[in-house]
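Below: the structure, in structure tokens.
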Amino acid sequence: MSDSNVYLLINAIPNPEKMAATQQYLQSIMPVFKQYGGAPVGRFKTIEQLVGKGGIKMDAILQFPDTKAIRELVDSEAFKALGTLRSEAFNQLDMMICESM
């Protein structure tokens with residue numbers, strides 16, 4: 001059975017000196033995700049790196065109805081308005097559109 005939904009996978013390395021900004025960003029971005037149809041699947045913190053170079057400390061998976069919704073989210077004024085806070089809160093933030101295999 002094919003899953004028609006798509007997922008936004010987020011890998012992040014928060015700025016350890018700006019954890020208040022990280023929390024503020026996370027609180028601010030969730031309503032924006034919901035506005036574009038995003039539903040949280042899970043949020044995770046890394047407890048141990050087993051393989052690879054590491055560094056990722058936080059992961060999130062959100063389900064969206066389609067790729068168009070994710071692209072509209074990233075192009076939205078609400079997402080762009082959080083750009084400065086996002087840059088302050090994270091040393092690295094990667095966002096990928098994924099689908100079930």
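Labeling convention for the structure tokens: chains A, B, ... as they appear, residues from 1 per chain, ligands from 1 in order of appearance.
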
What lies within 10 Å of A:Pro65 using only C-alpha atoms, ignoring chain neighbours under 3 positions off, as an mmCIF file with C-alpha atoms, in the first residue's frame?
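Resulting contents of result29.cif:
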```cif
data_model
loop_
_atom_site.group_PDB
_atom_site.id
_atom_site.type_symbol
_atom_site.label_atom_id
_atom_site.label_comp_id
_atom_site.auth_asym_id
_atom_site.auth_seq_id
_atom_site.Cartn_x
_atom_site.Cartn_y
_atom_site.Cartn_z
ATOM 1 C CA SER A 4 0.503 9.420 -0.407
ATOM 2 C CA ASN A 5 1.730 11.705 2.365
ATOM 3 C CA VAL A 6 5.163 13.253 2.405
ATOM 4 C CA TYR A 7 7.364 14.015 5.342
ATOM 5 C CA TYR A 36 0.501 24.494 5.976
ATOM 6 C CA GLY A 37 -0.938 21.129 6.980
ATOM 7 C CA GLY A 38 2.050 19.820 8.923
ATOM 8 C CA ALA A 39 1.341 17.299 11.664
ATOM 9 C CA LYS A 68 3.480 21.621 -2.555
ATOM 10 C CA ALA A 69 2.462 22.379 1.040
ATOM 11 C CA ILE A 70 6.075 22.080 2.221
#
```

Legend entry - strand (DSSP E or B) residues, from DSSP on the backbone, in chain A, as a PyMOL selection string: chain A and resi 6-14+39-45+58-64+90-99

Inset, instruction - Please provide as a PyMOL selection string all residues within 8 Å of A:Ile56, with the sequence filter that same-chain residues fewer than 4 positions apart are discarded (counting only C-alpha atoms). - result: chain A and resi 11-13+46

Inset, instruction - Name the residues of stretch 12-90 of chain A that come out as alpha helix (DSSP H) in a backbone DSSP run; write them as an MDAnalysis selection string. - result: chainID A and resid 19:35 67:75 77:81 83:89

Can you write just those residues out, C-alpha atoms, as a compact mmCIF listing (two decimals), in the first residue's frame?
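Okay, this is what ended up in part-v9.txt:
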```txt
# COMPACT_ATOMS: atom_id res chain seq x y z
CA MET A 19 19.23 27.56 23.92
CA ALA A 20 16.61 30.18 24.83
CA ALA A 21 16.51 31.17 21.14
CA THR A 22 16.18 27.49 20.19
CA GLN A 23 13.15 27.09 22.47
CA GLN A 24 11.64 30.33 21.18
CA TYR A 25 12.11 29.17 17.58
CA LEU A 26 10.53 25.77 18.24
CA GLN A 27 7.50 27.43 19.84
CA SER A 28 7.21 29.91 16.97
CA ILE A 29 7.60 27.48 14.07
CA MET A 30 5.03 24.88 15.15
CA PRO A 31 1.99 27.07 14.32
CA VAL A 32 3.54 27.80 10.91
CA PHE A 33 3.93 24.08 10.22
CA LYS A 34 0.29 23.52 11.21
CA GLN A 35 -0.86 26.40 8.99
CA THR A 67 5.26 18.46 -1.42
CA LYS A 68 3.48 21.62 -2.55
CA ALA A 69 2.46 22.38 1.04
CA ILE A 70 6.07 22.08 2.22
CA ARG A 71 7.37 24.31 -0.56
CA GLU A 72 4.69 26.90 0.18
CA LEU A 73 5.69 26.76 3.86
CA VAL A 74 9.36 27.43 3.08
CA ASP A 75 8.40 30.25 0.70
CA GLU A 77 6.51 35.19 4.85
CA ALA A 78 5.94 33.55 8.25
CA PHE A 79 8.83 31.11 7.67
CA LYS A 80 11.10 33.82 6.27
CA ALA A 81 10.29 36.09 9.23
CA GLY A 83 15.08 33.39 9.55
CA THR A 84 17.10 35.56 11.93
CA LEU A 85 15.93 33.62 14.98
CA ARG A 86 16.58 30.32 13.14
CA SER A 87 20.16 31.42 12.36
CA GLU A 88 20.72 32.42 15.98
CA ALA A 89 19.18 29.25 17.42
```

Legend entry - Residue nearest A:Lys57 among A:Met101, A:Leu93, A:Leu8, A:Leu82 (counting only C-alpha atoms): A:Leu93

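Our summary of the geometry notes that atom CA of A:Gly42 is positioned 21.1 Å from atom CA of A:Asn15.
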
Inset, instruction - Calculate how many Å separate atom CA of A:Phe44 from atom CA of A:Leu62, rounding to one decimal. - result: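 According to the coordinates, atom CA of A:Phe44 and atom CA of A:Leu62 are separated by 11.8 Å.
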